[in-house]
Structures are given as structure tokens and as C-alpha cells.
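Just protein-v2.cif here, mmCIF, C-alpha atoms and all ligand atoms:
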data_target
loop_
_atom_site.label_atom_id
_atom_site.label_comp_id
_atom_site.auth_asym_id
_atom_site.auth_seq_id
_atom_site.Cartn_x
_atom_site.Cartn_y
_atom_site.Cartn_z
CA MET F 12 -24.38 18.56 7.33
CA LYS F 13 -21.25 20.19 8.66
CA ILE F 14 -18.00 19.67 6.78
CA SER F 15 -15.40 18.14 9.05
CA ILE F 16 -12.15 20.01 9.69
CA LYS F 17 -9.15 17.80 10.43
CA ARG F 18 -6.35 18.72 12.82
CA GLY F 19 -3.34 16.97 14.36
CA ARG F 20 -3.78 13.23 14.47
CA ALA F 21 -6.70 13.31 12.07
CA ILE F 22 -4.47 14.94 9.45
CA GLU F 23 -1.77 12.32 10.06
CA GLY F 24 -4.44 9.61 9.71
CA MET F 25 -5.57 11.07 6.40
CA ARG F 26 -1.98 11.45 5.16
CA THR F 27 -1.34 7.78 5.88
CA ALA F 28 -4.60 6.71 4.20
CA GLY F 29 -3.78 8.83 1.17
CA ARG F 30 -0.26 7.46 0.80
CA VAL F 31 -1.51 3.88 1.11
CA ALA F 32 -4.32 4.50 -1.42
CA ALA F 33 -1.73 5.89 -3.82
CA GLU F 34 0.58 2.90 -3.31
CA VAL F 35 -2.27 0.44 -3.94
CA LEU F 36 -3.31 2.35 -7.07
CA ARG F 37 0.31 2.30 -8.30
CA ALA F 38 0.43 -1.50 -7.91
CA CYS F 39 -2.90 -1.89 -9.74
CA ARG F 40 -1.69 0.35 -12.53
CA GLU F 41 1.43 -1.77 -13.00
CA ALA F 42 -0.76 -4.87 -13.26
CA VAL F 43 -2.68 -3.49 -16.27
CA ALA F 44 -1.56 -5.33 -19.43
CA PRO F 45 -3.10 -7.05 -22.46
CA GLY F 46 -4.47 -10.49 -21.50
CA VAL F 47 -5.00 -9.61 -17.82
CA THR F 48 -8.57 -9.75 -16.46
CA THR F 49 -10.08 -7.00 -14.36
CA HIS F 50 -10.35 -9.59 -11.59
CA ASP F 51 -6.55 -10.09 -11.75
CA ILE F 52 -6.21 -6.37 -10.97
CA GLU F 53 -8.61 -6.74 -8.07
CA VAL F 54 -6.39 -9.48 -6.62
CA VAL F 55 -3.39 -7.12 -6.83
CA CYS F 56 -5.46 -4.41 -5.15
CA LEU F 57 -6.46 -6.62 -2.23
CA LYS F 58 -3.01 -8.18 -1.75
CA THR F 59 -1.28 -4.80 -1.79
CA ALA F 60 -3.82 -3.21 0.53
CA HIS F 61 -3.59 -6.08 3.03
CA ALA F 62 0.22 -6.08 2.91
CA LEU F 63 0.07 -2.40 3.90
CA GLY F 64 -2.43 -3.03 6.70
CA ALA F 65 -5.40 -1.53 4.85
CA GLU F 66 -8.85 -2.69 3.76
CA SER F 67 -10.78 -1.88 0.60
CA SER F 68 -13.44 0.73 1.29
CA THR F 69 -15.53 -0.30 -1.70
CA ILE F 70 -16.25 -4.00 -0.99
CA GLY F 71 -19.77 -4.11 0.39
CA TYR F 72 -20.25 -0.34 0.11
CA CYS F 73 -23.98 -0.10 -0.68
CA GLY F 74 -23.56 -3.69 -1.91
CA PHE F 75 -20.69 -2.96 -4.36
CA PRO F 76 -18.96 -6.33 -4.91
CA GLY F 77 -15.42 -5.21 -5.83
CA ALA F 78 -12.22 -4.23 -4.00
CA LEU F 79 -11.79 -1.43 -6.55
CA CYS F 80 -13.70 0.02 -9.49
CA VAL F 81 -12.34 -0.94 -12.95
CA SER F 82 -14.02 0.78 -15.89
CA VAL F 83 -12.95 0.03 -19.49
CA ASN F 84 -13.42 2.27 -22.58
CA ASP F 85 -17.04 3.53 -22.59
CA GLU F 86 -17.40 2.61 -18.92
CA VAL F 87 -17.03 5.80 -16.89
CA ILE F 88 -16.96 4.66 -13.26
CA HIS F 89 -18.10 1.89 -10.88
CA GLY F 90 -17.08 -0.99 -13.17
CA ILE F 91 -17.12 -4.31 -11.29
CA PRO F 92 -13.96 -6.45 -11.49
CA GLY F 93 -14.58 -9.76 -13.26
CA PRO F 94 -13.56 -12.01 -16.19
CA ARG F 95 -13.25 -9.20 -18.76
CA ILE F 96 -9.90 -9.40 -20.51
CA ILE F 97 -7.97 -6.19 -21.11
CA ARG F 98 -6.82 -5.72 -24.71
CA MET F 99 -4.33 -3.55 -26.58
CA GLY F 100 -5.90 -0.17 -27.32
CA ASP F 101 -8.22 -0.22 -24.28
CA ILE F 102 -8.34 2.57 -21.74
CA VAL F 103 -8.78 1.35 -18.18
CA SER F 104 -9.96 3.55 -15.31
CA LEU F 105 -8.81 2.31 -11.91
CA ASP F 106 -10.43 3.82 -8.82
CA VAL F 107 -8.95 2.66 -5.52
CA THR F 108 -10.37 3.57 -2.11
CA ILE F 109 -8.87 2.14 1.07
CA ASN F 110 -9.44 2.41 4.78
CA ILE F 111 -6.57 2.30 7.25
CA GLY F 112 -6.99 3.07 10.93
CA GLY F 113 -10.51 4.33 10.28
CA TRP F 114 -9.43 6.92 7.68
CA HIS F 115 -10.15 6.70 3.95
CA GLY F 116 -8.00 7.57 0.93
CA ASP F 117 -9.50 7.65 -2.58
CA ASN F 118 -7.76 8.05 -5.95
CA ALA F 119 -8.18 7.17 -9.62
CA VAL F 120 -6.36 7.21 -12.94
CA THR F 121 -7.16 6.17 -16.50
CA VAL F 122 -4.47 4.07 -18.16
CA ALA F 123 -4.01 3.60 -21.93
CA VAL F 124 -3.02 0.05 -22.89
CA GLY F 125 -0.57 0.51 -25.76
CA GLU F 126 -1.40 3.00 -28.49
CA VAL F 127 -4.82 4.62 -28.44
CA PRO F 128 -6.30 7.00 -31.05
CA PRO F 129 -5.10 10.61 -30.64
CA GLU F 130 -8.59 11.81 -29.69
CA THR F 131 -8.68 9.24 -26.88
CA GLN F 132 -5.22 10.22 -25.62
CA GLU F 133 -6.40 13.82 -25.67
CA LEU F 134 -9.41 12.86 -23.53
CA LEU F 135 -7.04 11.39 -20.94
CA ASP F 136 -4.77 14.45 -21.04
CA VAL F 137 -7.65 16.92 -20.74
CA THR F 138 -9.23 15.04 -17.82
CA GLN F 139 -5.91 14.86 -16.01
CA ARG F 140 -5.25 18.56 -16.63
CA ALA F 141 -8.70 19.35 -15.22
CA LEU F 142 -7.91 17.47 -12.02
CA TYR F 143 -4.85 19.65 -11.44
CA ALA F 144 -6.74 22.82 -12.39
CA GLY F 145 -9.30 21.88 -9.74
CA ILE F 146 -6.54 21.30 -7.20
CA ALA F 147 -4.96 24.68 -8.06
CA ALA F 148 -8.32 26.36 -7.36
CA ALA F 149 -8.64 24.65 -3.97
CA LYS F 150 -7.42 27.30 -1.50
CA PRO F 151 -8.68 28.45 1.89
CA GLY F 152 -11.07 31.38 1.56
CA ARG F 153 -12.19 30.36 -1.93
CA HIS F 154 -15.63 28.94 -2.62
CA LEU F 155 -16.13 25.24 -3.24
CA SER F 156 -17.58 25.90 -6.69
CA ASP F 157 -14.36 27.67 -7.73
CA ILE F 158 -12.97 24.13 -8.01
CA SER F 159 -15.97 23.05 -10.10
CA ALA F 160 -15.64 26.03 -12.44
CA ALA F 161 -11.90 25.46 -12.92
CA VAL F 162 -12.51 21.80 -13.80
CA GLU F 163 -15.32 22.64 -16.20
CA LYS F 164 -13.25 25.28 -18.02
CA VAL F 165 -10.59 22.72 -18.89
CA ALA F 166 -13.29 20.39 -20.25
CA ARG F 167 -14.78 23.15 -22.39
CA ASP F 168 -11.40 24.26 -23.74
CA GLY F 169 -10.57 20.61 -24.47
CA HIS F 170 -13.94 19.82 -26.10
CA CYS F 171 -14.82 17.08 -23.64
CA GLY F 172 -18.18 16.26 -22.06
CA VAL F 173 -18.58 16.60 -18.28
CA VAL F 174 -20.52 13.86 -16.48
CA ARG F 175 -23.08 15.61 -14.31
CA GLU F 176 -24.68 12.79 -12.32
CA PHE F 177 -21.54 11.86 -10.34
CA VAL F 178 -19.32 14.22 -8.37
CA GLY F 179 -16.38 14.50 -6.00
CA HIS F 180 -16.93 14.58 -2.25
CA GLY F 181 -15.61 15.19 1.22
CA ILE F 182 -13.72 12.27 2.78
CA GLY F 183 -12.53 11.27 6.25
CA HIS F 184 -13.90 8.60 8.57
CA SER F 185 -16.27 7.79 5.68
CA MET F 186 -15.46 7.46 1.99
CA HIS F 187 -18.23 9.86 1.05
CA GLU F 188 -18.84 12.93 3.22
CA GLU F 189 -20.14 16.45 2.67
CA PRO F 190 -19.72 18.47 0.54
CA GLN F 191 -20.41 17.30 -3.02
CA VAL F 192 -17.75 18.59 -5.42
CA ALA F 193 -19.33 18.98 -8.87
CA ASN F 194 -17.22 19.10 -12.01
CA PHE F 195 -19.21 22.00 -13.44
CA GLY F 196 -20.81 25.20 -12.20
CA ARG F 197 -20.40 28.91 -11.69
CA PRO F 198 -17.60 30.09 -9.38
CA GLY F 199 -18.30 31.83 -6.05
CA ARG F 200 -20.94 29.42 -4.78
CA GLY F 201 -21.17 26.90 -1.98
CA PRO F 202 -19.20 26.69 1.26
CA ILE F 203 -15.94 28.56 1.80
CA LEU F 204 -12.95 26.23 1.81
CA GLU F 205 -11.17 26.07 5.16
CA GLU F 206 -7.82 24.76 6.32
CA GLY F 207 -8.19 21.13 7.46
CA MET F 208 -10.94 20.08 5.04
CA THR F 209 -10.23 16.90 3.09
CA ILE F 210 -11.98 16.46 -0.25
CA CYS F 211 -11.82 14.30 -3.35
CA ILE F 212 -11.63 16.09 -6.69
CA GLU F 213 -12.51 13.72 -9.51
CA PRO F 214 -13.30 14.89 -13.04
CA MET F 215 -15.19 12.34 -15.17
CA PHE F 216 -15.04 13.44 -18.82
CA THR F 217 -16.37 11.96 -22.05
CA ARG F 218 -15.18 12.13 -25.66
CA GLY F 219 -18.69 12.62 -27.04
CA SER F 220 -21.98 13.41 -25.32
CA HIS F 221 -21.87 13.83 -21.54
CA LYS F 222 -24.91 11.58 -21.17
CA VAL F 223 -24.47 8.38 -19.17
CA GLU F 224 -26.56 5.40 -18.09
CA VAL F 225 -26.20 2.59 -15.55
CA LEU F 226 -25.93 -1.01 -16.82
CA LYS F 227 -28.20 -3.84 -15.63
CA ASP F 228 -25.61 -4.83 -13.02
CA ASP F 229 -26.88 -1.69 -11.21
CA TRP F 230 -23.35 -0.26 -10.93
CA THR F 231 -21.39 0.20 -14.13
CA VAL F 232 -21.85 3.72 -15.48
CA VAL F 233 -21.36 3.89 -19.27
CA THR F 234 -21.59 6.64 -21.87
CA LYS F 235 -24.88 6.53 -23.81
CA ASP F 236 -23.09 7.04 -27.12
CA GLY F 237 -20.51 4.31 -26.46
CA LEU F 238 -17.58 6.72 -26.80
CA PRO F 239 -14.71 6.55 -24.28
CA ALA F 240 -14.65 8.23 -20.87
CA ALA F 241 -11.82 9.10 -18.46
CA HIS F 242 -11.61 9.56 -14.68
CA TYR F 243 -8.82 10.98 -12.54
CA GLU F 244 -9.01 11.58 -8.81
CA HIS F 245 -6.92 12.81 -5.90
CA THR F 246 -7.72 13.19 -2.21
CA VAL F 247 -6.51 16.63 -1.10
CA LEU F 248 -6.13 18.50 2.19
CA ILE F 249 -6.86 22.23 2.26
CA THR F 250 -3.82 23.86 3.90
CA ALA F 251 -3.09 27.44 5.01
CA THR F 252 -1.95 28.33 1.50
CA GLY F 253 -3.55 25.87 -0.93
CA ALA F 254 -4.09 22.15 -1.27
CA GLU F 255 -1.80 19.25 -0.41
CA ILE F 256 -2.25 16.10 -2.51
CA LEU F 257 -2.68 13.25 -0.01
CA THR F 258 -2.58 10.56 -2.73
CA PRO F 259 0.69 11.51 -4.48
CA ARG F 260 1.72 10.06 -7.83
CA ALA F 261 5.11 10.21 -9.53
CA ASP F 262 3.86 12.48 -12.33
CA ASP F 263 1.99 15.05 -10.19
CA ALA F 264 4.63 17.76 -10.66
CA ILE F 265 4.39 17.61 -14.46
CA TRP F 266 0.69 18.30 -14.35
CA GLN F 267 0.73 20.89 -11.59
CA CYS F 268 2.62 23.45 -13.65
N1 LIG I 1 -14.10 5.59 -5.24
C1 LIG I 1 -15.38 6.06 -5.69
C2 LIG I 1 -15.36 7.55 -5.57
O1 LIG I 1 -14.47 8.15 -6.07
C3 LIG I 1 -16.51 5.44 -4.95
C4 LIG I 1 -16.75 4.05 -5.31
S1 LIG I 1 -18.16 3.53 -4.53
C5 LIG I 1 -18.38 1.97 -5.08
O2 LIG I 1 -16.17 8.20 -4.99
F1 LIG I 1 -19.31 1.50 -4.36
F2 LIG I 1 -18.68 2.00 -6.37
F3 LIG I 1 -17.27 1.30 -4.94
CO CO I 2 -12.65 7.11 -6.15
CO CO I 3 -14.08 9.67 -4.83
#
How does this structure look as C-alpha cells?
Ligand code: MF3
Ligand code: CO
Ligand code: CO
Amino acid sequence: MKISIKRGRAIEGMRTAGRVAAEVLRACREAVAPGVTTHDIEVVCLKTAHALGAESSTIGYCGFPGALCVSVNDEVIHGIPGPRIIRMGDIVSLDVTINIGGWHGDNAVTVAVGEVPPETQELLDVTQRALYAGIAAAKPGRHLSDISAAVEKVARDGHCGVVREFVGHGIGHSMHEEPQVANFGRPGRGPILEEGMTICIEPMFTRGSHKVEVLKDDWTVVTKDGLPAAHYEHTVLITATGAEILTPRADDAIWQC
């Protein structure tokens, strides 16, 4: 399938969707605290999205029951909001996707609740660094897999596992579009990046083995060895010179250098 190139109003639509997705994620992140349930975070997600004129893209997507994905500790992605109580020392991955005016914005962070062991904090730092390495590799004229290779190198250098079964993706009028953006692979492969493409780069790294399985709820992806996992994501627009982050966060600049 052809990768869509956005121009003019489409780019403005994607910029708005990205900013709103980032604002909803920020509100969800602030709601994370010991004693709070993952459902409480979902309520914040929905209220914030609605106040901004947006809808959750995930509710009902292939039957997914949540307004966002909340994945705790050994849960990698696609955790369903519910009665689980967040505790001190947990790491909580929040993945927010919204739709506004027919355009989607998608972003994720992993939040540490209080102090976590140094090896867990390092997992978060390495995964976040990999996201920005992927973004730095996203330039017009480069191959798609240059992003994948840049992400994978950070994982290797940081001794983290790379989840292979789930990948980043194109985004636009749908949450998931072509192409798939793997977090591993040799550079110089796949389509050439072009100005106007909008893609989601989303490393999912593990502290131990990269092997994952899906729980009986048919959604929650967990590490097989029970060790923690982290997930960071931005929606980006390929520009004439590089990539513009459409889902900006306050700490982007720190990680981009
Ligand atoms: N936001 C996820 C992504 O980054 C997709 C979630 S799909 C759901 O691609 F169905 F699990 F919500
Ligand atoms: Co996402
Ligand atoms: Co995504």
C-alpha cells in the first residue's frame, strides 16, 4: 500500500492531533500516583480528550476496551485500564492515541512511580534515548530502516532487549497505516522517507529477554521472564530537513541532543 504524503491542511490537521495527543498524555502522566487505579487514569484521559474536542482512537479499535493503553512493570503494551492499583516502585507505560477532525495523534511514555531500581531507571533512559535516536535518523532521502537500525543500536549499547512482534507505523486518517517501523534491522532497506510522511516511532525495550506473550485477556503484552519493559513513542512529520515532533513534550530538547 502507498504511504500517504501530507500537505497543507492535512499537515495542519496532523499538527493539531499531535498537540492534543501530547496534552492528553501530559494530563494522564500527572494523574499517575500511588493508590490510583489504571481506570482513574482512563477517566482523566477521556475527560481531557473530550474537553479538547477529541475522541480516543483506541476504544473499540479491533475490540480494545480502553481509552488508552496502561501497561505496568512487566506489561509491555496494550494493557487494559481497570481496577489495578498503582504502587510505589512501579513503572507505568501510558500510550495515548486520539482522533480530532479525522486525524490521529499517538504518543507514549513510561513513568517511574517514586524510586525504582537503577537497572529499571536505566531501561527507561535507554528506551527514551532510542526514541530520539530514531527521530534523528528520520530524514527525507534516508531509508525507513535507518530509523530501525538507529533504535536498535541504542538498545544494544544499553543492554536492553528489543520487542520484535510489535512495531511503529504510519499514521494519518487511521491510527495504523503503512509502513511498519521496526525497532531493529539493517540500515538502507525499505521505502525512502519523503517530506510529508507522518509516522510513529515507538521503541519497546525489555530489561531481560526480548521474548513476550499475550495474556488471556487477548490484549496485554507481557515479558515472558517477568522483567520490566518500557515504551516511548512520538508521532513525527518528515520535513524538508529532518523530522518534526508532532506530539511535543517538555523534555524533548534534553533528549534530542
Ligand atoms: N497506540 C498504540 C500504538 O502505538 C495502538 C494501540 S491499539 C489498541 O500503535 F487497540 F491496543 F489500543
Ligand atoms: Co501508541
Ligand atoms: Co503507535
For chain F versus ligand CO 2 (chain I), which residues have an atom no more than 7 Å away, and what is each residue's nearest atom pair and distance in Å rounded to one decimal, using all atoms listed in the file, chain-then-number order, as JSON lines?
{"residue": "F:Asp106", "atom": "CA", "partner": "I:CO2", "partner_atom": "CO", "distance": 4.8}
{"residue": "F:Val107", "atom": "CA", "partner": "I:CO2", "partner_atom": "CO", "distance": 5.8}
{"residue": "F:Thr108", "atom": "CA", "partner": "I:CO2", "partner_atom": "CO", "distance": 5.8}
{"residue": "F:Asp117", "atom": "CA", "partner": "I:CO2", "partner_atom": "CO", "distance": 4.8}
{"residue": "F:Asn118", "atom": "CA", "partner": "I:CO2", "partner_atom": "CO", "distance": 5.0}
{"residue": "F:Ala119", "atom": "CA", "partner": "I:CO2", "partner_atom": "CO", "distance": 5.7}
{"residue": "F:Glu244", "atom": "CA", "partner": "I:CO2", "partner_atom": "CO", "distance": 6.3}
Return as a PyMOL selection string the residues of protein, DNA or RNA that approach ligand CO 3 (chain I) to within 12 Å, with all atoms listed in the file taken into account.
chain F and resi 29+32+68-69+79-80+88-89+105-109+115-120+177-183+185-193+209-215+242-247+258
Those selected residues, please, written with C-alpha atoms and delivered as a PDB file, keeping the file's coordinate frame.
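Ended up saving to out-v5.pdb:
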ATOM      1  CA  GLY F  29      -3.780   8.830   1.170  1.00  0.00           C
ATOM      2  CA  ALA F  32      -4.320   4.500  -1.420  1.00  0.00           C
ATOM      3  CA  SER F  68     -13.440   0.730   1.290  1.00  0.00           C
ATOM      4  CA  THR F  69     -15.530  -0.300  -1.700  1.00  0.00           C
ATOM      5  CA  LEU F  79     -11.790  -1.430  -6.550  1.00  0.00           C
ATOM      6  CA  CYS F  80     -13.700   0.020  -9.490  1.00  0.00           C
ATOM      7  CA  ILE F  88     -16.960   4.660 -13.260  1.00  0.00           C
ATOM      8  CA  HIS F  89     -18.100   1.890 -10.880  1.00  0.00           C
ATOM      9  CA  LEU F 105      -8.810   2.310 -11.910  1.00  0.00           C
ATOM     10  CA  ASP F 106     -10.430   3.820  -8.820  1.00  0.00           C
ATOM     11  CA  VAL F 107      -8.950   2.660  -5.520  1.00  0.00           C
ATOM     12  CA  THR F 108     -10.370   3.570  -2.110  1.00  0.00           C
ATOM     13  CA  ILE F 109      -8.870   2.140   1.070  1.00  0.00           C
ATOM     14  CA  HIS F 115     -10.150   6.700   3.950  1.00  0.00           C
ATOM     15  CA  GLY F 116      -8.000   7.570   0.930  1.00  0.00           C
ATOM     16  CA  ASP F 117      -9.500   7.650  -2.580  1.00  0.00           C
ATOM     17  CA  ASN F 118      -7.760   8.050  -5.950  1.00  0.00           C
ATOM     18  CA  ALA F 119      -8.180   7.170  -9.620  1.00  0.00           C
ATOM     19  CA  VAL F 120      -6.360   7.210 -12.940  1.00  0.00           C
ATOM     20  CA  PHE F 177     -21.540  11.860 -10.340  1.00  0.00           C
ATOM     21  CA  VAL F 178     -19.320  14.220  -8.370  1.00  0.00           C
ATOM     22  CA  GLY F 179     -16.380  14.500  -6.000  1.00  0.00           C
ATOM     23  CA  HIS F 180     -16.930  14.580  -2.250  1.00  0.00           C
ATOM     24  CA  GLY F 181     -15.610  15.190   1.220  1.00  0.00           C
ATOM     25  CA  ILE F 182     -13.720  12.270   2.780  1.00  0.00           C
ATOM     26  CA  GLY F 183     -12.530  11.270   6.250  1.00  0.00           C
ATOM     27  CA  SER F 185     -16.270   7.790   5.680  1.00  0.00           C
ATOM     28  CA  MET F 186     -15.460   7.460   1.990  1.00  0.00           C
ATOM     29  CA  HIS F 187     -18.230   9.860   1.050  1.00  0.00           C
ATOM     30  CA  GLU F 188     -18.840  12.930   3.220  1.00  0.00           C
ATOM     31  CA  GLU F 189     -20.140  16.450   2.670  1.00  0.00           C
ATOM     32  CA  PRO F 190     -19.720  18.470   0.540  1.00  0.00           C
ATOM     33  CA  GLN F 191     -20.410  17.300  -3.020  1.00  0.00           C
ATOM     34  CA  VAL F 192     -17.750  18.590  -5.420  1.00  0.00           C
ATOM     35  CA  ALA F 193     -19.330  18.980  -8.870  1.00  0.00           C
ATOM     36  CA  THR F 209     -10.230  16.900   3.090  1.00  0.00           C
ATOM     37  CA  ILE F 210     -11.980  16.460  -0.250  1.00  0.00           C
ATOM     38  CA  CYS F 211     -11.820  14.300  -3.350  1.00  0.00           C
ATOM     39  CA  ILE F 212     -11.630  16.090  -6.690  1.00  0.00           C
ATOM     40  CA  GLU F 213     -12.510  13.720  -9.510  1.00  0.00           C
ATOM     41  CA  PRO F 214     -13.300  14.890 -13.040  1.00  0.00           C
ATOM     42  CA  MET F 215     -15.190  12.340 -15.170  1.00  0.00           C
ATOM     43  CA  HIS F 242     -11.610   9.560 -14.680  1.00  0.00           C
ATOM     44  CA  TYR F 243      -8.820  10.980 -12.540  1.00  0.00           C
ATOM     45  CA  GLU F 244      -9.010  11.580  -8.810  1.00  0.00           C
ATOM     46  CA  HIS F 245      -6.920  12.810  -5.900  1.00  0.00           C
ATOM     47  CA  THR F 246      -7.720  13.190  -2.210  1.00  0.00           C
ATOM     48  CA  VAL F 247      -6.510  16.630  -1.100  1.00  0.00           C
ATOM     49  CA  THR F 258      -2.580  10.560  -2.730  1.00  0.00           C
TER      50      THR F 258
END
So that I can see what lies close to Val83 in chain F, please list as a PyMOL selection string the residues with an atom at most 7 Å from it, counting all atoms listed in the file and leaving out residues fewer than 5 positions away in the same chain. chain F and resi 101-104
| task | Extract, using only C-alpha atoms, all DNA, RNA and protein residues at most 10 Å from Gly100 in chain F, discarding same-chain residues fewer than 5 positions from it, and format them as a VMD selection string. | result | chain F and resid 45 84 123 to 128 131
**Study point:** Exercise: Val165 in chain F partners within 9 Å, all atoms listed in the file, chain neighbours under 6 positions left out, as an MDAnalysis selection string
**Key:** chainID F and resid 137:138 140:141 144 171
Residue with the minimum atom-to-atom distance to His184 in chain F, picked from F:Gly113, F:Ser67, F:Thr27, F:Asp85 with all atoms listed in the file counted, is F:Gly113
